[in-house]
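Student: I'm passing along coords-v7.pdb; it holds PDB, C-alpha atoms.
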MODEL        1
ATOM      1  CA  MET B1207       0.000   0.000   0.000
ATOM      2  CA  ASP B1208       2.411   2.623  -1.280
ATOM      3  CA  TYR B1209      -0.242   5.343  -1.103
ATOM      4  CA  LEU B1210      -0.576   4.725   2.637
ATOM      5  CA  GLU B1211       3.142   5.288   3.268
ATOM      6  CA  ARG B1212       3.128   8.312   0.956
ATOM      7  CA  ASN B1213       0.219   9.927   2.801
ATOM      8  CA  TYR B1214       1.704   9.014   6.189
ATOM      9  CA  LEU B1215       4.911  10.905   5.373
ATOM     10  CA  ILE B1216       3.091  13.932   3.917
ATOM     11  CA  VAL B1217       0.852  14.321   6.987
ATOM     12  CA  LYS B1218       3.743  13.689   9.402
ATOM     13  CA  GLU B1219       5.851  16.382   7.735
ATOM     14  CA  ARG B1220       2.972  18.854   7.913
ATOM     15  CA  MET B1221       2.274  18.129  11.585
ATOM     16  CA  ILE B1222       5.934  18.557  12.532
ATOM     17  CA  GLU B1223       6.104  21.818  10.581
ATOM     18  CA  GLN B1224       3.075  23.141  12.483
ATOM     19  CA  MET B1225       4.635  22.058  15.797
ATOM     20  CA  GLU B1226       7.878  23.918  15.101
ATOM     21  CA  LYS B1227       6.015  27.074  14.104
ATOM     22  CA  SER B1228       3.893  26.936  17.263
ATOM     23  CA  LEU B1229       6.907  26.538  19.561
ATOM     24  CA  GLU B1230       8.738  29.380  17.828
ATOM     25  CA  LEU B1231       5.681  31.632  18.091
ATOM     26  CA  GLY B1232       5.334  30.757  21.764
ATOM     27  CA  ARG B1233       8.882  31.912  22.468
ATOM     28  CA  LYS B1234       8.283  35.235  20.717
ATOM     29  CA  LEU B1235       5.068  35.828  22.655
ATOM     30  CA  ILE B1236       6.733  34.968  25.969
ATOM     31  CA  ASP B1237       9.501  37.477  25.175
ATOM     32  CA  THR B1238       6.918  40.156  24.362
ATOM     33  CA  GLU B1239       4.967  39.562  27.583
ATOM     34  CA  LEU B1240       8.137  39.666  29.663
ATOM     35  CA  GLU B1241       9.280  42.913  28.074
ATOM     36  CA  LEU B1242       5.910  44.530  28.755
ATOM     37  CA  GLY B1243       5.624  43.197  32.296
ATOM     38  CA  LEU B1244       6.980  44.465  35.600
ATOM     39  CA  LEU B1245       8.885  41.340  36.631
ATOM     40  CA  ASN B1246      12.376  41.929  37.957
ATOM     41  CA  PHE B1247      15.588  41.066  36.133
ATOM     42  CA  ILE B1248      16.000  37.837  38.144
ATOM     43  CA  VAL B1249      12.580  36.345  37.389
ATOM     44  CA  LYS B1250      12.540  37.121  33.638
ATOM     45  CA  PRO B1251      15.476  34.883  32.660
ATOM     46  CA  ILE B1252      14.111  32.057  34.833
ATOM     47  CA  ILE B1253      10.808  32.098  32.939
ATOM     48  CA  LYS B1254      12.631  32.256  29.597
ATOM     49  CA  THR B1255      14.859  29.356  30.607
ATOM     50  CA  PHE B1256      11.863  27.322  31.720
ATOM     51  CA  TYR B1257      10.060  27.900  28.412
ATOM     52  CA  ASP B1258      13.157  27.079  26.360
ATOM     53  CA  TYR B1259      13.708  23.847  28.278
ATOM     54  CA  TRP B1260      10.034  22.898  28.037
ATOM     55  CA  ALA B1261       9.847  23.682  24.302
ATOM     56  CA  LYS B1262      13.051  21.855  23.398
ATOM     57  CA  ASN B1263      12.328  18.812  25.538
ATOM     58  CA  GLU B1264       8.877  18.061  26.933
ATOM     59  CA  ALA B1265       6.707  19.891  24.397
ATOM     60  CA  ARG B1266       8.659  18.761  21.345
ATOM     61  CA  SER B1267       9.104  15.153  22.412
ATOM     62  CA  GLY B1268       5.512  14.903  23.642
ATOM     63  CA  THR B1269       4.055  16.343  20.444
ATOM     64  CA  LEU B1270       6.229  14.095  18.275
ATOM     65  CA  LYS B1271       4.956  11.110  20.244
ATOM     66  CA  GLN B1272       1.351  12.258  19.792
ATOM     67  CA  ILE B1273       1.921  12.621  16.048
ATOM     68  CA  LYS B1274       3.314   9.083  15.888
ATOM     69  CA  VAL B1275       0.527   7.601  18.020
ATOM     70  CA  THR B1276      -2.154   9.256  15.880
ATOM     71  CA  LEU B1277      -0.615   8.309  12.532
ATOM     72  CA  ASP B1278       0.187   4.752  13.626
ATOM     73  CA  SER B1279      -3.352   4.322  14.964
ATOM     74  CA  GLY B1280      -4.812   5.476  11.656
ATOM     75  CA  LYS B1281      -2.483   3.209   9.707
ATOM     76  CA  GLN B1282      -3.355   0.241  11.928
ATOM     77  CA  LEU B1283      -7.069   0.828  11.371
ATOM     78  CA  LEU B1284      -6.727   0.921   7.581
ATOM     79  CA  LEU B1285      -4.485  -2.141   7.450
ATOM     80  CA  ASN B1286      -6.916  -4.164   9.570
ATOM     81  CA  GLY B1287     -10.039  -2.981   7.774
ATOM     82  CA  LYS B1288     -11.895   0.194   8.725
ATOM     83  CA  THR B1289     -15.075  -0.378  10.726
ATOM     84  CA  GLU B1290     -16.715   1.613  13.519
ATOM     85  CA  GLU B1291     -15.939  -1.146  16.011
ATOM     86  CA  ARG B1292     -12.258  -1.316  15.039
ATOM     87  CA  PHE B1293     -12.034   2.489  15.184
ATOM     88  CA  THR B1294     -13.423   2.480  18.727
ATOM     89  CA  ASN B1295     -11.101  -0.324  19.824
ATOM     90  CA  ILE B1296      -7.983   1.308  18.369
ATOM     91  CA  PHE B1297      -9.023   4.695  19.757
ATOM     92  CA  GLU B1298      -9.513   3.351  23.283
ATOM     93  CA  GLU B1299      -6.316   1.306  23.110
ATOM     94  CA  ASN B1300      -4.140   4.223  22.029
ATOM     95  CA  PHE B1301      -5.676   7.155  23.906
ATOM     96  CA  PRO B1302      -3.641   6.459  27.091
ATOM     97  CA  LYS B1303      -0.444   6.761  25.006
ATOM     98  CA  TYR B1304      -1.689   9.991  23.455
ATOM     99  CA  LEU B1305      -2.667  11.426  26.845
ATOM    100  CA  GLU B1306       0.641  10.485  28.448
ATOM    101  CA  ALA B1307       2.436  12.613  25.858
ATOM    102  CA  ASP B1308      -0.068  15.491  26.123
ATOM    103  CA  GLN B1309       0.804  18.670  28.015
ATOM    104  CA  THR B1310      -2.499  18.237  29.882
ATOM    105  CA  TYR B1311      -0.987  15.148  31.483
ATOM    106  CA  GLN B1312       2.523  16.559  31.912
ATOM    107  CA  GLN B1313       1.929  20.136  33.069
ATOM    108  CA  CYS B1314      -1.410  20.007  34.919
ATOM    109  CA  SER B1315      -2.229  18.750  38.392
ATOM    110  CA  LYS B1316      -4.235  15.532  38.218
ATOM    111  CA  SER B1317      -5.774  16.270  41.620
ATOM    112  CA  HIS B1318      -7.193  19.617  40.468
ATOM    113  CA  LYS B1319     -10.998  19.830  40.212
ATOM    114  CA  ASN B1320     -10.807  20.740  36.502
ATOM    115  CA  TYR B1321      -8.364  18.045  35.447
ATOM    116  CA  GLU B1322     -11.018  15.530  34.327
ATOM    117  CA  ARG B1323     -12.568  18.195  32.101
ATOM    118  CA  LEU B1324      -9.190  18.815  30.474
ATOM    119  CA  LYS B1325      -8.686  15.090  30.057
ATOM    120  CA  GLN B1326     -12.049  14.803  28.296
ATOM    121  CA  VAL B1327     -11.080  17.613  25.909
ATOM    122  CA  ALA B1328      -7.818  15.784  25.157
ATOM    123  CA  LYS B1329      -9.830  12.626  24.458
ATOM    124  CA  GLU B1330     -12.169  14.373  22.026
ATOM    125  CA  THR B1331      -9.186  16.074  20.390
ATOM    126  CA  PHE B1332      -7.524  12.702  19.791
ATOM    127  CA  ARG B1333     -10.779  11.221  18.469
ATOM    128  CA  ASN B1334     -11.153  14.059  15.971
ATOM    129  CA  TYR B1335      -7.476  13.958  14.951
ATOM    130  CA  LEU B1336      -7.699  10.214  14.380
ATOM    131  CA  LYS B1337     -10.769  10.570  12.168
ATOM    132  CA  GLU B1338      -8.992  13.280  10.169
ATOM    133  CA  VAL B1339      -5.794  11.250   9.843
ATOM    134  CA  VAL B1340      -7.692   8.174   8.613
ATOM    135  CA  ARG B1341      -9.368  10.360   6.024
ATOM    136  CA  PHE B1342      -5.958  11.560   4.811
ATOM    137  CA  LEU B1343      -4.227   8.187   4.904
ATOM    138  CA  GLU B1344      -6.821   6.331   2.848
ATOM    139  CA  ILE B1345      -6.513   8.620  -0.206
ATOM    140  CA  LYS B1346      -5.419   6.601  -3.254
ATOM    141  CA  ASP B1347      -5.494   9.427  -5.813
ATOM    142  CA  GLU B1348      -2.298  10.761  -7.350
ATOM    143  CA  ILE B1349      -1.204  13.664  -5.188
ATOM    144  CA  ASP B1350       2.035  15.600  -4.766
ATOM    145  CA  ASN B1351       1.684  17.550  -1.538
ATOM    146  CA  TYR B1352      -0.415  18.308   1.537
ATOM    147  CA  GLY B1353      -2.622  20.765  -0.365
ATOM    148  CA  ASP B1354      -3.526  18.078  -2.901
ATOM    149  CA  LEU B1355      -4.247  15.651  -0.069
ATOM    150  CA  CYS B1356      -6.574  18.149   1.638
ATOM    151  CA  ARG B1357      -8.544  18.849  -1.527
ATOM    152  CA  VAL B1358      -9.168  15.135  -2.101
ATOM    153  CA  ALA B1359      -9.896  14.271   1.553
ATOM    154  CA  PHE B1360     -12.187  17.281   1.920
ATOM    155  CA  PRO B1361     -13.672  17.913  -1.563
ATOM    156  CA  SER B1362     -15.130  21.307  -0.653
ATOM    157  CA  LYS B1363     -13.788  24.257   1.263
ATOM    158  CA  GLU B1364     -16.922  24.185   3.451
ATOM    159  CA  ILE B1365     -16.264  20.615   4.604
ATOM    160  CA  ALA B1366     -12.597  21.390   5.293
ATOM    161  CA  GLU B1367     -13.594  24.502   7.233
ATOM    162  CA  GLN B1368     -16.069  22.560   9.380
ATOM    163  CA  ASN B1369     -13.346  20.074  10.284
ATOM    164  CA  LEU B1370     -10.850  22.844  11.072
ATOM    165  CA  MET B1371     -13.344  24.724  13.240
ATOM    166  CA  LYS B1372     -14.084  21.569  15.204
ATOM    167  CA  GLN B1373     -10.404  21.094  16.029
ATOM    168  CA  ILE B1374      -9.995  24.770  16.881
ATOM    169  CA  GLU B1375     -13.010  24.531  19.201
ATOM    170  CA  PHE B1376     -11.399  21.704  21.196
ATOM    171  CA  THR B1377      -8.177  23.696  21.596
ATOM    172  CA  ASP B1378     -10.136  26.759  22.708
ATOM    173  CA  MET B1379     -12.060  24.686  25.265
ATOM    174  CA  GLY B1380      -8.809  23.403  26.773
ATOM    175  CA  ILE B1381      -7.324  26.898  27.080
ATOM    176  CA  LYS B1382     -10.530  28.247  28.647
ATOM    177  CA  ILE B1383     -10.419  25.542  31.332
ATOM    178  CA  VAL B1384      -6.852  26.561  32.222
ATOM    179  CA  GLU B1385      -7.837  30.262  32.182
ATOM    180  CA  GLU B1386     -10.649  29.537  34.676
ATOM    181  CA  ASP B1387      -8.071  28.583  37.298
ATOM    182  CA  ILE B1388      -4.388  28.766  36.380
ATOM    183  CA  GLY B1389      -3.678  26.927  39.627
ATOM    184  CA  ILE B1390      -4.176  23.748  37.630
ATOM    185  CA  LEU B1391      -0.713  24.304  36.124
ATOM    186  CA  LYS B1392       2.226  22.708  37.928
ATOM    187  CA  ILE B1393       4.516  25.453  36.561
ATOM    188  CA  PRO B1394       6.379  27.059  39.507
ATOM    189  CA  MET B1395       6.248  30.667  38.256
ATOM    190  CA  GLY B1396       5.119  32.869  35.382
ATOM    191  CA  ARG B1397       1.751  31.131  35.051
ATOM    192  CA  LYS B1398      -0.158  34.262  34.064
ATOM    193  CA  ILE B1399       2.391  35.186  31.423
ATOM    194  CA  ILE B1400       2.445  31.686  29.957
ATOM    195  CA  VAL B1401      -1.363  31.410  29.863
ATOM    196  CA  LYS B1402      -1.657  34.853  28.284
ATOM    197  CA  ALA B1403       0.918  33.871  25.643
ATOM    198  CA  LEU B1404      -0.989  30.608  25.113
ATOM    199  CA  ARG B1405      -4.194  32.513  24.384
ATOM    200  CA  GLN B1406      -2.457  34.955  22.045
ATOM    201  CA  GLY B1407      -0.716  32.105  20.286
ATOM    202  CA  PHE B1408      -4.026  30.317  19.810
ATOM    203  CA  ASN B1409      -5.634  33.425  18.295
ATOM    204  CA  LEU B1410      -2.744  33.979  15.876
ATOM    205  CA  THR B1411      -2.527  30.308  14.923
ATOM    206  CA  LYS B1412      -6.287  30.194  14.306
ATOM    207  CA  LYS B1413      -5.958  33.072  11.829
ATOM    208  CA  GLU B1414      -2.982  31.373  10.173
ATOM    209  CA  PHE B1415      -4.866  28.079   9.795
ATOM    210  CA  ILE B1416      -7.855  29.856   8.228
ATOM    211  CA  THR B1417      -5.568  31.733   5.829
ATOM    212  CA  SER B1418      -3.815  28.492   4.906
ATOM    213  CA  LEU B1419      -7.167  26.792   4.279
ATOM    214  CA  ASN B1420      -8.277  29.666   2.034
ATOM    215  CA  ASP B1421      -5.020  29.456   0.089
ATOM    216  CA  THR B1422      -5.418  25.704  -0.327
ATOM    217  CA  TYR B1423      -8.887  25.959  -1.834
ATOM    218  CA  ASP B1424      -8.928  29.413  -3.443
ATOM    219  CA  ASN B1425      -5.529  29.234  -5.170
ATOM    220  CA  LYS B1426      -5.600  25.658  -6.421
TER     221      LYS B1426
ENDMDL
END
Before anything else, please render the file you have as structure tokens.

Tutor:
Amino acid sequence: MDYLERNYLIVKERMIEQMEKSLELGRKLIDTELELGLLNFIVKPIIKTFYDYWAKNEARSGTLKQIKVTLDSGKQLLLNGKTEERFTNIFEENFPKYLEADQTYQQCSKSHKNYERLKQVAKETFRNYLKEVVRFLEIKDEIDNYGDLCRVAFPSKEIAEQNLMKQIEFTDMGIKIVEEDIGILKIPMGRKIIVKALRQGFNLTKKEFITSLNDTYDNK
């Protein structure tokens, strides 16, 4: 199934590209917040160092693992024959691996009252990602790049937009839960700055995703 390996690599490359852009944007937003804030010269470098360590290690490695878990789950489903029952079984089997690599699991207190809500958002996010990945992986048409893959998997811009908005909604829900009580974060300092940067990053990334979608379908 050469098409399966081809699609796997195209989607993996795109996901990693988006991850790198997000981490780079996060660093810029943290810098901006620190420059505008009133924190002293001792605290600022500590927060920057924490973010750099987190981005280069936990966030990157965790996201790469999530990408692999999602793609491998989709591949496994297609190789074994796609049915609703098999989807559910593979989803339930692999969600713990996805969650373990998620920042919800790594950076939030599991004893916090809102943790189970965050966990449920992570679960629905994985479910939606897996459905999307399966849709990409099963494309047999001749395609050259991610844009081609999108246009075949989602034949109309409206369908693609609905799928994008659904994923954006899950991300927004997760951020809102953290914003309700930033005490859920296990981060020792700079919580407000990091959450504010997270929200700004989400808003900018949302606009970028919408622009990218428009380019994919309007400039084909």

Student: Using only C-alpha atoms, which residues sit within 9 Å of B:Leu1277 once same-chain residues fewer than 4 positions away are excluded, as a PyMOL selection string?

Tutor: chain B and resi 1214+1217-1218+1272-1273+1281-1282+1336+1339-1340+1343

Student: Of the candidates B:Met1221, B:Ile1236, B:Cys1314, B:Ala1359, which one gets nearest to B:Glu1338 if we count all atoms listed in the file?

Tutor: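 So, comparing all the options, the nearest one is B:Ala1359.
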
Student: If the box runs along x, y and z of the file and leaves 8 Å on each side of stretch 1295-1301 of chain B, what are its centre and edge lengths in Å, one decimal, as JSON?

Tutor:
{"center_x": -7.6, "center_y": 3.4, "center_z": 21.1, "size_x": 23.0, "size_y": 23.5, "size_z": 21.5}

Student: Tell me which residues the PyMOL selection byres ((chain B and resi 1297) around 10) grabs here, as an MDAnalysis selection string.

Tutor: chainID B and resid 1276 1279:1280 1283 1291:1296 1298:1302 1304 1329 1332:1333 1336:1337

Student: What's the 8 Å shell around B:Leu1355, counting only C-alpha atoms, without same-chain residues fewer than 3 positions away, as a ChimeraX atom specification?

Tutor: /B:1213,1342,1345,1349-1352,1358-1359

Student: To one decimal in Å, tell me the separation between atom CA of B:Thr1411 and atom CA of B:Arg1266.

Tutor: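 Atom CA of B:Arg1266 lies 17.3 Å from atom CA of B:Thr1411.
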